[in-house]
Each structure stands twice: as structure tokens, then as C-alpha cells.
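Source file protein-v7.txt; content: compact mmCIF, C-alpha atoms.
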# COMPACT_ATOMS: atom_id res chain seq x y z
CA MET Z 1 -17.88 7.89 26.51
CA SER Z 2 -20.37 6.44 24.05
CA SER Z 3 -22.20 3.32 25.15
CA SER Z 4 -23.03 0.36 22.95
CA THR Z 5 -26.68 1.51 22.91
CA ASP Z 6 -25.92 4.92 21.43
CA ARG Z 7 -23.99 4.64 18.17
CA ARG Z 8 -22.01 1.81 16.73
CA ALA Z 9 -18.23 2.15 16.75
CA VAL Z 10 -15.29 0.74 14.83
CA VAL Z 11 -11.62 0.84 15.80
CA VAL Z 12 -8.77 1.82 13.46
CA VAL Z 13 -5.19 1.21 14.57
CA ASP Z 14 -2.84 3.88 13.16
CA ALA Z 15 -5.26 5.68 10.85
CA PHE Z 16 -2.53 7.38 8.86
CA ALA Z 17 -1.85 7.87 5.14
CA SER Z 18 -4.86 6.73 3.06
CA ALA Z 19 -6.51 5.23 6.16
CA ARG Z 20 -7.06 8.78 7.42
CA CYS Z 21 -10.08 8.83 5.10
CA LEU Z 22 -11.84 5.88 6.74
CA ALA Z 23 -13.29 7.71 9.74
CA PRO Z 24 -15.34 10.25 7.73
CA LEU Z 25 -16.76 7.40 5.62
CA PHE Z 26 -17.74 5.44 8.71
CA ARG Z 27 -19.38 8.52 10.22
CA GLU Z 28 -21.50 8.93 7.09
CA ARG Z 29 -22.82 5.42 7.81
CA GLY Z 30 -23.62 6.22 11.45
CA VAL Z 31 -20.54 4.54 12.87
CA ASP Z 32 -18.16 6.34 15.25
CA CYS Z 33 -14.43 5.73 15.07
CA ILE Z 34 -12.06 4.94 17.93
CA HIS Z 35 -8.37 5.40 17.26
CA VAL Z 36 -5.55 3.28 18.65
CA GLN Z 37 -2.07 4.77 18.29
CA SER Z 38 0.31 1.81 18.29
CA THR Z 39 3.34 3.72 19.61
CA PRO Z 40 3.80 6.76 21.87
CA THR Z 41 5.01 8.84 18.94
CA ILE Z 42 3.83 8.82 15.32
CA PRO Z 43 6.56 8.32 12.67
CA ASP Z 44 7.41 11.58 10.91
CA VAL Z 45 6.27 10.21 7.53
CA TYR Z 46 2.74 9.79 8.91
CA ALA Z 47 2.39 12.57 11.47
CA ALA Z 48 0.87 15.14 9.12
CA SER Z 49 -1.84 12.73 7.94
CA PHE Z 50 -3.34 12.01 11.37
CA ARG Z 51 -6.70 13.71 11.99
CA PRO Z 52 -7.48 13.31 15.71
CA ASP Z 53 -10.73 15.30 15.47
CA ASP Z 54 -12.23 12.50 13.34
CA PHE Z 55 -12.18 10.12 16.32
CA THR Z 56 -14.21 9.82 19.50
CA VAL Z 57 -11.03 9.07 21.43
CA ASN Z 58 -7.37 8.31 20.80
CA ILE Z 59 -6.01 5.44 22.89
CA VAL Z 60 -2.22 5.28 22.98
CA HIS Z 61 -1.05 1.67 23.17
CA ASP Z 62 1.72 1.20 25.74
CA GLN Z 63 2.66 -2.33 24.61
CA ASP Z 64 0.14 -3.91 27.03
CA VAL Z 65 -2.41 -5.60 24.77
CA THR Z 66 -4.61 -6.60 27.69
CA ALA Z 67 -4.85 -2.99 28.86
CA THR Z 68 -5.58 -1.66 25.39
CA ALA Z 69 -8.27 -4.29 24.80
CA ALA Z 70 -9.82 -3.39 28.15
CA ALA Z 71 -9.84 0.30 27.20
CA LEU Z 72 -11.67 -0.53 23.96
CA ALA Z 73 -14.24 -2.93 25.41
CA PRO Z 74 -16.65 -0.29 26.83
CA TYR Z 75 -17.16 1.10 23.33
CA ALA Z 76 -18.47 -2.31 22.16
CA PRO Z 77 -16.87 -1.97 18.71
CA ILE Z 78 -18.34 -3.86 15.77
CA GLY Z 79 -14.98 -4.08 14.02
CA LEU Z 80 -11.28 -3.34 14.30
CA LEU Z 81 -8.76 -2.96 11.49
CA PRO Z 82 -5.24 -1.67 10.85
CA GLY Z 83 -4.64 1.54 8.94
CA ILE Z 84 -1.02 1.01 7.91
CA GLU Z 85 1.45 -1.85 7.62
CA ARG Z 86 3.02 -1.62 11.05
CA ALA Z 87 -0.41 -1.85 12.72
CA VAL Z 88 -1.31 -5.25 11.26
CA MET Z 89 -0.08 -7.49 14.09
CA LEU Z 90 -1.57 -5.36 16.89
CA ALA Z 91 -4.89 -5.21 15.02
CA ASP Z 92 -4.87 -9.00 14.66
CA GLU Z 93 -4.34 -9.46 18.39
CA LEU Z 94 -6.86 -6.86 19.51
CA SER Z 95 -9.61 -8.03 17.14
CA GLU Z 96 -9.07 -11.62 18.24
CA ARG Z 97 -9.20 -10.73 21.94
CA LEU Z 98 -12.35 -8.67 21.49
CA GLY Z 99 -14.12 -11.44 19.55
CA LEU Z 100 -14.52 -9.32 16.42
CA PRO Z 101 -14.19 -10.35 12.75
CA THR Z 102 -10.48 -11.06 12.58
CA ASN Z 103 -7.66 -12.63 10.63
CA GLY Z 104 -6.40 -14.04 13.93
CA THR Z 105 -2.89 -14.21 15.32
CA ALA Z 106 -1.82 -17.66 14.06
CA LEU Z 107 -0.50 -16.27 10.77
CA SER Z 108 0.20 -12.69 11.86
CA PRO Z 109 3.98 -13.00 11.33
CA ALA Z 110 3.40 -14.23 7.76
CA ARG Z 111 1.29 -11.16 7.03
CA ARG Z 112 3.99 -8.79 8.26
CA ASP Z 113 7.37 -10.46 7.74
CA LYS Z 114 8.10 -10.54 4.00
CA PHE Z 115 10.28 -13.65 4.25
CA GLU Z 116 7.67 -15.58 6.23
CA MET Z 117 5.01 -14.34 3.83
CA THR Z 118 6.68 -15.89 0.79
CA GLU Z 119 7.50 -19.13 2.62
CA THR Z 120 3.91 -19.46 3.86
CA VAL Z 121 2.59 -18.95 0.32
CA ARG Z 122 5.05 -21.55 -0.99
CA LYS Z 123 4.06 -24.10 1.68
CA ALA Z 124 0.42 -23.66 0.62
CA GLY Z 125 1.36 -24.87 -2.86
CA VAL Z 126 1.29 -21.46 -4.51
CA PRO Z 127 4.27 -20.74 -6.82
CA ALA Z 128 6.57 -18.27 -5.06
CA THR Z 129 9.81 -16.31 -5.38
CA GLU Z 130 13.24 -17.78 -4.58
CA GLN Z 131 14.63 -16.02 -1.53
CA LEU Z 132 17.01 -15.98 1.44
CA LEU Z 133 16.88 -14.35 4.86
CA ALA Z 134 20.42 -13.24 5.63
CA THR Z 135 21.90 -11.98 8.89
CA ASP Z 136 25.53 -12.20 7.74
CA LEU Z 137 27.27 -11.22 4.52
CA ASP Z 138 29.06 -14.53 3.89
CA THR Z 139 25.80 -16.48 3.76
CA LEU Z 140 24.29 -13.87 1.45
CA LEU Z 141 27.26 -13.93 -0.94
CA GLU Z 142 27.19 -17.73 -1.00
CA TRP Z 143 23.50 -17.63 -1.95
CA TYR Z 144 24.20 -15.02 -4.61
CA GLY Z 145 26.89 -17.25 -6.08
CA ARG Z 146 24.17 -19.86 -6.66
CA ASN Z 147 21.72 -17.23 -7.97
CA PRO Z 148 23.81 -14.85 -10.10
CA GLY Z 149 22.35 -11.99 -12.09
CA ARG Z 150 19.92 -9.43 -10.77
CA VAL Z 151 18.57 -9.87 -7.24
CA VAL Z 152 16.59 -7.62 -4.91
CA LEU Z 153 17.63 -6.79 -1.34
CA LYS Z 154 15.20 -5.12 1.06
CA PRO Z 155 14.17 -4.92 4.73
CA VAL Z 156 12.08 -7.74 6.11
CA SER Z 157 9.52 -5.32 7.48
CA SER Z 158 8.93 -1.86 6.05
CA ALA Z 159 6.56 0.11 3.84
CA GLY Z 160 6.52 1.67 0.39
CA ASN Z 161 9.70 0.79 -1.49
CA ASP Z 162 11.86 1.85 1.45
CA GLY Z 163 15.32 0.30 1.39
CA VAL Z 164 14.86 -1.67 -1.83
CA PHE Z 165 18.11 -2.30 -3.73
CA PHE Z 166 18.49 -3.90 -7.16
CA CYS Z 167 21.84 -5.68 -7.30
CA ASP Z 168 23.63 -6.93 -10.43
CA SER Z 169 26.93 -8.06 -8.91
CA ALA Z 170 28.54 -9.34 -5.73
CA GLU Z 171 29.84 -5.81 -5.16
CA ASP Z 172 26.29 -4.44 -5.37
CA VAL Z 173 25.10 -7.09 -2.92
CA ARG Z 174 27.90 -6.27 -0.50
CA ALA Z 175 27.15 -2.54 -0.64
CA ALA Z 176 23.36 -2.96 -0.23
CA PHE Z 177 23.78 -5.34 2.70
CA GLY Z 178 26.06 -2.82 4.40
CA LYS Z 179 23.49 -0.06 4.00
CA LEU Z 180 20.58 -2.17 5.26
CA ILE Z 181 21.85 -4.30 8.13
CA GLY Z 182 21.73 -2.50 11.46
CA GLY Z 183 19.97 0.49 9.93
CA ARG Z 184 16.40 1.56 10.51
CA SER Z 185 13.45 1.33 8.16
CA VAL Z 186 11.22 4.28 7.34
CA LEU Z 187 8.95 3.02 10.14
CA GLY Z 188 11.78 3.27 12.67
CA GLN Z 189 12.37 -0.49 12.98
CA GLU Z 190 15.93 -1.88 13.11
CA ASN Z 191 16.94 -4.09 10.19
CA ARG Z 192 18.34 -7.13 11.97
CA ALA Z 193 18.23 -9.22 8.80
CA VAL Z 194 18.10 -8.59 5.06
CA LEU Z 195 15.72 -10.25 2.62
CA ALA Z 196 17.27 -11.29 -0.70
CA GLN Z 197 15.00 -12.37 -3.55
CA GLU Z 198 15.33 -13.25 -7.20
CA TYR Z 199 14.50 -10.36 -9.50
CA LEU Z 200 11.11 -11.01 -11.06
CA VAL Z 201 10.98 -10.16 -14.77
CA GLY Z 202 7.64 -8.82 -15.96
CA ASN Z 203 5.07 -6.09 -15.47
CA GLU Z 204 4.06 -5.21 -11.92
CA TYR Z 205 0.42 -5.03 -10.84
CA ILE Z 206 -1.67 -4.14 -7.81
CA VAL Z 207 -4.76 -6.11 -6.84
CA ASN Z 208 -6.78 -4.49 -4.05
CA THR Z 209 -9.39 -6.50 -2.16
CA VAL Z 210 -11.73 -6.44 0.81
CA SER Z 211 -12.70 -9.67 2.56
CA LEU Z 212 -15.50 -10.70 4.88
CA HIS Z 213 -15.59 -14.18 6.42
CA GLY Z 214 -13.31 -15.46 3.67
CA ARG Z 215 -15.22 -13.96 0.76
CA HIS Z 216 -12.88 -11.75 -1.25
CA ARG Z 217 -14.07 -8.72 -3.19
CA VAL Z 218 -11.71 -7.43 -5.89
CA THR Z 219 -12.12 -3.64 -5.69
CA ASP Z 220 -9.54 -2.42 -8.23
CA ILE Z 221 -6.62 -3.69 -10.34
CA TRP Z 222 -3.73 -1.47 -11.44
CA LYS Z 223 -0.91 -1.93 -13.93
CA MET Z 224 2.22 -0.16 -12.71
CA HIS Z 225 4.44 2.12 -14.80
CA HIS Z 226 8.15 2.45 -13.99
CA LEU Z 227 11.00 4.64 -15.21
CA SER Z 228 14.72 5.02 -14.60
CA ALA Z 229 15.51 8.32 -12.89
CA ASN Z 230 17.82 9.78 -10.25
CA GLY Z 231 19.94 6.64 -10.20
CA VAL Z 232 16.95 4.36 -9.53
CA ARG Z 233 16.29 1.77 -12.23
CA ASP Z 234 12.67 0.88 -11.40
CA LEU Z 235 11.15 4.00 -9.90
CA PRO Z 236 7.34 3.68 -9.78
CA ALA Z 237 6.19 6.44 -12.11
CA GLY Z 238 2.45 5.76 -11.82
CA ALA Z 239 -0.24 3.29 -12.77
CA GLU Z 240 -3.32 2.73 -14.90
CA LEU Z 241 -6.61 1.27 -13.70
CA LEU Z 242 -7.56 -1.92 -15.53
CA PRO Z 243 -11.02 -3.36 -16.20
CA ARG Z 244 -11.95 -6.21 -13.86
CA ARG Z 245 -11.75 -8.85 -16.57
CA GLY Z 246 -9.01 -9.63 -19.07
CA ALA Z 247 -6.31 -12.21 -19.74
CA GLU Z 248 -3.86 -10.56 -17.35
CA GLN Z 249 -6.43 -9.73 -14.70
CA ASP Z 250 -7.90 -13.24 -14.59
CA VAL Z 251 -4.61 -14.99 -13.80
CA LEU Z 252 -3.55 -12.23 -11.39
CA VAL Z 253 -6.80 -12.41 -9.44
CA GLU Z 254 -6.70 -16.21 -9.29
CA HIS Z 255 -3.19 -16.05 -7.85
CA THR Z 256 -4.09 -13.24 -5.43
CA LEU Z 257 -7.04 -15.13 -3.98
CA LEU Z 258 -4.81 -18.16 -3.36
CA VAL Z 259 -2.34 -15.87 -1.59
CA LEU Z 260 -5.06 -14.33 0.61
CA ASP Z 261 -6.23 -17.77 1.66
CA ALA Z 262 -2.67 -18.95 2.30
CA LEU Z 263 -1.99 -15.93 4.52
CA GLY Z 264 -5.26 -16.29 6.43
CA ILE Z 265 -6.65 -12.96 5.26
CA ARG Z 266 -10.36 -13.57 5.79
CA ASN Z 267 -11.50 -10.14 6.97
CA GLY Z 268 -10.71 -6.57 6.00
CA PRO Z 269 -8.78 -4.87 3.20
CA ALA Z 270 -5.62 -6.16 1.52
CA HIS Z 271 -3.20 -4.62 -0.94
CA SER Z 272 -1.30 -7.15 -3.07
CA GLU Z 273 1.61 -6.37 -5.37
CA LEU Z 274 2.45 -8.99 -8.00
CA LYS Z 275 4.54 -9.44 -11.11
CA LEU Z 276 3.36 -11.34 -14.17
CA THR Z 277 6.48 -13.29 -15.11
CA PRO Z 278 7.05 -15.73 -17.99
CA LYS Z 279 6.36 -18.49 -15.43
CA GLY Z 280 3.11 -16.90 -14.29
CA PRO Z 281 2.14 -14.54 -11.46
CA ARG Z 282 4.46 -14.18 -8.49
CA LEU Z 283 3.71 -12.31 -5.29
CA VAL Z 284 5.93 -9.38 -4.41
CA GLU Z 285 4.10 -8.75 -1.14
CA THR Z 286 0.66 -8.38 0.41
CA GLY Z 287 -0.33 -5.86 3.04
CA ALA Z 288 -3.35 -6.72 5.17
CA ARG Z 289 -4.57 -3.11 5.12
CA VAL Z 290 -5.88 -0.52 2.70
CA CYS Z 291 -3.81 0.56 -0.28
CA GLY Z 292 -1.77 3.72 0.24
CA ALA Z 293 -0.95 6.62 -2.08
CA ASP Z 294 -4.60 7.78 -2.01
CA VAL Z 295 -5.39 5.32 -4.79
CA HIS Z 296 -9.00 5.42 -3.58
CA VAL Z 297 -9.36 8.91 -5.12
CA PRO Z 298 -9.02 7.92 -8.82
CA THR Z 299 -10.68 4.56 -8.13
CA GLY Z 300 -13.76 6.29 -6.78
CA ALA Z 301 -13.80 8.66 -9.75
CA ALA Z 302 -13.58 5.80 -12.26
CA ILE Z 303 -15.68 3.09 -10.63
CA GLY Z 304 -17.90 4.95 -8.18
CA GLU Z 305 -16.60 2.94 -5.22
CA SER Z 306 -13.13 2.41 -3.86
CA GLN Z 307 -11.47 -0.09 -1.56
CA LEU Z 308 -12.24 2.28 1.30
CA ASP Z 309 -15.96 2.24 0.51
CA TRP Z 310 -15.99 -1.56 0.42
CA THR Z 311 -14.05 -1.68 3.68
CA VAL Z 312 -16.70 0.46 5.37
CA ASP Z 313 -19.42 -1.76 3.86
CA ALA Z 314 -17.81 -4.91 5.27
CA TYR Z 315 -18.01 -3.58 8.83
CA ALA Z 316 -21.00 -1.22 8.74
CA ASP Z 317 -23.33 -3.26 6.51
CA PRO Z 318 -22.08 -6.85 6.15
CA GLU Z 319 -25.36 -8.02 4.62
CA ARG Z 320 -24.97 -5.54 1.77
CA PHE Z 321 -21.36 -6.64 1.28
CA LEU Z 322 -22.27 -10.33 1.15
CA GLY Z 323 -25.09 -9.62 -1.27
CA ARG Z 324 -22.79 -8.26 -3.96
CA TRP Z 325 -19.17 -9.17 -3.18
CA ASP Z 326 -18.81 -11.48 -6.21
CA THR Z 327 -19.98 -8.98 -8.87
CA ASP Z 328 -17.44 -7.35 -11.19
CA TYR Z 329 -16.64 -3.68 -10.96
CA GLU Z 330 -17.17 -1.67 -14.14
CA LEU Z 331 -15.24 1.35 -15.37
CA ALA Z 332 -17.42 4.41 -15.89
CA ARG Z 333 -14.23 6.38 -16.55
CA HIS Z 334 -10.60 5.52 -17.24
CA ALA Z 335 -8.02 6.51 -14.65
CA ARG Z 336 -4.29 6.84 -14.23
CA ILE Z 337 -1.88 7.98 -11.55
CA VAL Z 338 1.22 10.04 -12.34
CA ASN Z 339 3.97 10.43 -9.74
CA MET Z 340 5.87 13.62 -10.49
CA VAL Z 341 9.60 12.91 -10.20
CA SER Z 342 11.76 15.68 -8.80
CA PRO Z 343 15.28 15.89 -10.26
CA VAL Z 344 16.19 18.76 -7.91
CA GLU Z 345 16.73 19.34 -4.23
CA GLY Z 346 16.67 22.37 -2.01
CA ARG Z 347 13.72 24.47 -0.82
CA LEU Z 348 10.76 24.70 -3.17
CA ALA Z 349 9.68 28.22 -4.11
CA ARG Z 350 6.85 27.25 -6.48
CA TYR Z 351 5.66 24.94 -9.25
CA PRO Z 352 5.86 27.22 -12.34
CA LYS Z 353 3.98 24.82 -14.61
CA LEU Z 354 1.31 23.72 -12.14
CA ALA Z 355 -1.45 25.61 -13.97
CA GLU Z 356 -0.59 23.77 -17.21
CA LEU Z 357 -0.76 20.47 -15.38
CA GLU Z 358 -4.13 21.25 -13.82
CA ALA Z 359 -5.46 22.39 -17.23
CA LEU Z 360 -5.08 18.89 -18.72
CA GLU Z 361 -8.45 17.62 -19.94
CA SER Z 362 -8.48 14.54 -17.72
CA PHE Z 363 -6.99 16.19 -14.62
CA HIS Z 364 -9.05 15.06 -11.63
CA ASP Z 365 -7.12 15.78 -8.46
CA SER Z 366 -3.66 15.91 -6.92
CA VAL Z 367 -1.97 15.25 -3.61
CA PHE Z 368 1.04 17.33 -2.54
CA ARG Z 369 3.79 15.95 -0.34
CA VAL Z 370 5.85 19.10 -0.93
CA THR Z 371 4.35 22.59 -1.02
CA PRO Z 372 6.12 25.93 -1.59
CA GLY Z 373 8.40 26.66 1.33
CA ASP Z 374 9.06 23.00 2.06
CA PRO Z 375 12.36 21.22 1.47
CA ILE Z 376 12.32 19.09 -1.68
CA SER Z 377 14.49 16.06 -2.46
CA ARG Z 378 15.32 14.18 -5.62
CA SER Z 379 12.67 11.48 -6.01
CA VAL Z 380 14.12 8.04 -5.29
CA ASP Z 381 11.22 6.18 -3.62
CA ASP Z 382 7.53 6.38 -2.63
CA TRP Z 383 8.29 8.89 0.11
CA THR Z 384 10.06 11.47 -2.06
CA PHE Z 385 7.53 12.12 -4.83
CA PRO Z 386 6.62 15.80 -4.35
CA LEU Z 387 3.28 15.56 -6.09
CA ARG Z 388 0.92 12.79 -7.18
CA VAL Z 389 -1.54 13.51 -10.00
CA PHE Z 390 -4.82 11.67 -10.60
CA LEU Z 391 -6.33 11.57 -14.08
CA ALA Z 392 -9.86 10.40 -14.93
CA HIS Z 393 -11.91 10.69 -18.11
CA GLU Z 394 -14.58 8.86 -20.07
CA THR Z 395 -12.19 8.53 -23.02
CA GLU Z 396 -9.18 6.27 -22.58
CA SER Z 397 -7.14 8.13 -25.19
CA ALA Z 398 -7.53 11.42 -23.30
CA VAL Z 399 -6.13 9.86 -20.14
CA ALA Z 400 -3.24 8.25 -22.04
CA ARG Z 401 -2.38 11.54 -23.76
CA ASP Z 402 -2.51 13.54 -20.53
CA CYS Z 403 -0.36 10.98 -18.74
CA VAL Z 404 2.38 11.54 -21.32
CA SER Z 405 1.78 15.30 -21.21
CA ALA Z 406 2.24 15.33 -17.44
CA ARG Z 407 5.51 13.47 -17.82
CA TYR Z 408 6.58 16.02 -20.45
CA LEU Z 409 5.85 18.90 -18.07
CA ASP Z 410 7.84 17.20 -15.31
CA GLY Z 411 11.57 17.89 -15.03
CA PRO Z 412 13.82 20.73 -13.84
CA GLY Z 413 11.49 23.41 -15.26
CA PHE Z 414 8.56 22.15 -13.17
CA TYR Z 415 10.32 23.11 -9.93
CA GLU Z 416 11.59 26.52 -8.88
CA ILE Z 417 14.05 26.33 -6.02
CA ALA Z 418 14.41 29.24 -3.61
Could you render the structure as C-alpha cells?
Amino acid sequence: MSSSTDRRAVVVVDAFASARCLAPLFRERGVDCIHVQSTPTIPDVYAASFRPDDFTVNIVHDQDVTATAAALAPYAPIGLLPGIERAVMLADELSERLGLPTNGTALSPARRDKFEMTETVRKAGVPATEQLLATDLDTLLEWYGRNPGRVVLKPVSSAGNDGVFFCDSAEDVRAAFGKLIGGRSVLGQENRAVLAQEYLVGNEYIVNTVSLHGRHRVTDIWKMHHLSANGVRDLPAGAELLPRRGAEQDVLVEHTLLVLDALGIRNGPAHSELKLTPKGPRLVETGARVCGADVHVPTGAAIGESQLDWTVDAYADPERFLGRWDTDYELARHARIVNMVSPVEGRLARYPKLAELEALESFHDSVFRVTPGDPISRSVDDWTFPLRVFLAHETESAVARDCVSARYLDGPGFYEIA
């Protein structure tokens, strides 16, 4: 076991998905990583992303916070943060108990429960979405009668766009409620209630931040692209990285910072999704953890630093963070993300047009969720995209062209099924 006099250490709870990349970055800065696994088993959607060799030790949490905090204390960590959404509340409690920079436990439910999140934002005086938390169908249908038109139904606590239904009629609402209530989210949690919200008209955006003692650094802003495919009306098809400043960015950032303060996010990374409606920005949700989908890869290529780099700075070198947190990032290159959308299902034999995709001028990198030999599903949510493509180039027009070219290559001919 390392002592506090050897090397500094930081703790990551559930270092899965994009958070798997934190430990190597901390090691480069002379900081060891301790891992806390929040449950005895890792959810299937995250199991392949866990890299145990990156950590000094893996402590499996057995639901006894006192015991887990005691197991961490000998390592004298300088910081503790969650890696994924489900780890937020445990990270809040452990960091508070260990006397580390923390968001505290007072508002933990508001940072995890999507209904409480919106109500907390509203109570702070920030304009928020109309919504209802429903445990029975009659109450939900009564609310829908007062709010006709398109509404969104989703789990109170989940990740990605798991279990999100867009409903245009009472029949749609009834069917979505039946599918959600009593079922389990992608994280394995039972849906004991359903969150119903007004459908927000407008473009969707992502604002990623890292905070230290209440000072919020905006690390990257993305404008989302959607398409209708495989029976899903608003399937996230990708995103484009925006400059730090602009008419849209300024109002989005102002709203996001109010949300962070309202939710008590004073330390660590946050990933906020918003829509810019005719009435102004409205929060979709905020996660008090790093952004997923490996967004740090194109961000780093375009800006030179990603949210992950700033997260490491906040814990490993807080003086450096505080000396530059309020500067604007600048785009050295333009970047976009393209989610390839599978229209087929079966077992993938190969990607016949992969070489054409990788030959695009602005092609930077890709992340495969499905490789030859794996089962492939029709893409209907964040978990079923078989391949995510990252584009980056000094010329904006090259990135825009290649984004459209990638979408042209996508389709039945991009996938060969065994």
C-alpha cells in the first residue's frame, strides 16, 4: 500500500466509459489512482471499458460507506470523483466524509434524480421545464390532458438516452408508461416512477465544464445533430464543436452556470445538456461527472485540452487551474462527431466501406462498440451505435463535407451480416 509520503493519489468511483481515460492522465502528473467499484458486479454496458491495471487497488463497495471511507483513508487521497452517472451520490458522500473537495451530500438527490434536478433549478429562480413525476397512469393521463401535444417520458435515473419516449397522444403516453414502470434502466435500477416533461422545441447543445471551489471552467460546447431512423424521431446522429463565444454560446453558458450553482456543483466535471427554445435555454439534464461518448478525443484534437485534462488539473494542480479557469478556449481545428446508425441486425461479418470512411480528409479517430464477429442491433439509442467517428481539420468546410460523406456511406451497404 502506498503511503501519503510516497505518491499522491486520487480516487475514481466507477471509472468506466470515458472515465477509463482519467487514470493514465493522472499518472502522467505523478498521481496514482484508487478505484472504488460501487456495486459487486459491473453493468454489462460498462464491463469492457474497465481497466483494473490502471489502478493501485480496486475497492469493492459493499453498501457500507463508513467501511469504504476507512479503506480509502490510508491512501490519503487528494481528491475523489465519480466516473459515471450512477457513482455521483456515493462520490459525494465519500468525498465529504474524507474532507476532500466535494459537492457535498445536501443536494446529491438533485444531481441524480432528474425530477428533483429540474425542481431544484426552478426553485433557484432559473427558468425550467414543465414536468410531472408519475407513479400511476391515471395521474399521468390527467397531467397530459392539461399539457396536450408532444411530451417526453423517461426514467428518473438512468444514463444516455435509455428509456426515452416521445409521445404525441394519450395512447402513446399509455404505452410508454407501461414499458417504463416496473422495468429496469440500462444501469439495472428499477423504474418505480416515470418522469414526464414538456417537449422542448429547439436545437440541443452540450456544455461541458470543470469546477474548483465554485469557479466553473467551460471546456467545450457542442451543437447536437439529430435524425429520424429506425422508428426513433430524434436519434442523436452526432455533434459539432462550437467556438467558445457566440450568440448561442453566451446565453447557453450563462444558463449553465446558473444551473451548476443551483445544483451545488462546486467541484469536479459536469456534463450539461440543454435546448435553446424560443423562450430561451432550458436544461434537459446535468450529470456531475465527465462527458461520455469519448468526446474528449475530438475536443483534445481541436482545442489541445479536453474536459478530462481540466479535471486532472483541478485535482493535481489546483493553482494552475485557478490561474487560467476564466480564459476562453480557442479552436485550432474544427471537429465533429458522427454516430454511424445501423439499420440491420444479426452478427457483423465486416464493415465493407470502412476504408472509404477512414480515407476521409478530416478523419481523426473512431471508437467501435461492435467489431466483426459481434452481434449488431438496429441503432435506437446511445448504446446501440456500432461505431462513432471523430473528424478534425483546420478547415471547417472539410469537416462539414466529410460529415455528410460519412452519413452517405452509412446504411445497409456499410454493414455485412454473417
Practice problem: Considering all atoms listed in the file, state which residue in the set Z:Arg333, Z:Lys154, Z:Arg407, Z:Arg97 is at the smallest distance from Z:Glu285. | Solution: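 Answer, going by the shortest atom-to-atom distance: Z:Lys154.
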Practice problem: Taking (3.6, 25.0, -1.5) in the file's own coordinates, collect the residues within 9 Å, counting all atoms listed in the file, and hand them back as an MDAnalysis selection string. | Solution: chainID Z and resid 348:351 368 370:374
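The two atoms in question, atom CA of Z:Glu330 and atom CA of Z:Phe363, are spaced 20.6 Å apart.
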Self-check item: Of the listed residues Z:Ala128, Z:Met117, Z:Val173, Z:Ile84, that which approaches Z:Gly280 most closely, counting all atoms listed in the file
Solution: Z:Ala128
Could you give me, as a tab-separated table, every stretch 35-147 of chain Z residue with an atom at most 6 Å from stretch 7-17 of chain Z, plus its closest atom pair and distance in Å to one decimal, counting all atoms listed in the file, rows ordered by chain then number?
residue	atom	partner	partner_atom	distance
Z:His35	CA	Z:Val12	CA	5.2
Z:Val36	CA	Z:Val13	CA	4.6
Z:Gln37	CA	Z:Asp14	CA	5.3
Z:Tyr46	CA	Z:Phe16	CA	5.8
Z:Ser49	CA	Z:Phe16	CA	5.5
Z:Phe50	CA	Z:Phe16	CA	5.3
Z:Pro77	CA	Z:Ala9	CA	4.8
Z:Ile78	CA	Z:Val10	CA	5.6
Z:Gly79	CA	Z:Val10	CA	4.9
Z:Leu80	CA	Z:Val11	CA	4.5
Z:Leu81	CA	Z:Val12	CA	5.2
Z:Pro82	CA	Z:Val13	CA	4.7
Z:Gly83	CA	Z:Ala15	CA	4.6
Z:Ala87	CA	Z:Val13	CA	6.0
Self-check item: Point-to-point distance in Å for atom CA of Z:Val121 and atom CA of Z:Thr139
Solution: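 Atom-to-atom, atom CA of Z:Thr139 to atom CA of Z:Val121, that is 23.6 Å.
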Quiz prompt | Residue among Z:Ala47, Z:Val194, Z:Leu242, Z:Ala124 lying closest to Z:Ile206, counting only C-alpha atoms | solution = Z:Leu242
Could I get stretch 120-131 of chain Z from the block written out with N, CA and C atoms, as an mmCIF file, in the first residue's frame?
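Resulting contents of out38.cif:
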data_model
loop_
_atom_site.group_PDB
_atom_site.id
_atom_site.type_symbol
_atom_site.label_atom_id
_atom_site.label_comp_id
_atom_site.auth_asym_id
_atom_site.auth_seq_id
_atom_site.Cartn_x
_atom_site.Cartn_y
_atom_site.Cartn_z
ATOM 1 N N THR Z 120 -35.234 21.708 -8.380
ATOM 2 C CA THR Z 120 -34.223 22.481 -7.657
ATOM 3 C C THR Z 120 -33.787 23.687 -8.471
ATOM 4 N N VAL Z 121 -33.615 23.491 -9.773
ATOM 5 C CA VAL Z 121 -33.257 24.599 -10.664
ATOM 6 C C VAL Z 121 -34.367 25.644 -10.671
ATOM 7 N N ARG Z 122 -35.617 25.191 -10.734
ATOM 8 C CA ARG Z 122 -36.748 26.113 -10.753
ATOM 9 C C ARG Z 122 -36.821 26.938 -9.456
ATOM 10 N N LYS Z 123 -36.622 26.252 -8.320
ATOM 11 C CA LYS Z 123 -36.683 26.934 -7.019
ATOM 12 C C LYS Z 123 -35.583 27.980 -6.872
ATOM 13 N N ALA Z 124 -34.488 27.806 -7.616
ATOM 14 C CA ALA Z 124 -33.392 28.772 -7.573
ATOM 15 C C ALA Z 124 -33.662 29.979 -8.467
ATOM 16 N N GLY Z 125 -34.832 29.991 -9.126
ATOM 17 C CA GLY Z 125 -35.184 31.122 -9.973
ATOM 18 C C GLY Z 125 -34.726 30.992 -11.411
ATOM 19 N N VAL Z 126 -34.250 29.811 -11.783
ATOM 20 C CA VAL Z 126 -33.793 29.586 -13.153
ATOM 21 C C VAL Z 126 -34.956 28.998 -13.955
ATOM 22 N N PRO Z 127 -35.305 29.567 -15.110
ATOM 23 C CA PRO Z 127 -36.404 29.024 -15.914
ATOM 24 C C PRO Z 127 -36.196 27.538 -16.195
ATOM 25 N N ALA Z 128 -37.265 26.744 -16.026
ATOM 26 C CA ALA Z 128 -37.124 25.294 -16.125
ATOM 27 C C ALA Z 128 -38.324 24.675 -16.839
ATOM 28 N N THR Z 129 -38.179 23.411 -17.168
ATOM 29 C CA THR Z 129 -39.167 22.649 -17.936
ATOM 30 C C THR Z 129 -40.373 22.277 -17.078
ATOM 31 N N GLU Z 130 -41.573 22.295 -17.680
ATOM 32 C CA GLU Z 130 -42.770 21.785 -17.006
ATOM 33 C C GLU Z 130 -42.675 20.270 -16.935
ATOM 34 N N GLN Z 131 -43.051 19.697 -15.782
ATOM 35 C CA GLN Z 131 -42.858 18.260 -15.624
ATOM 36 C C GLN Z 131 -43.774 17.668 -14.561
#
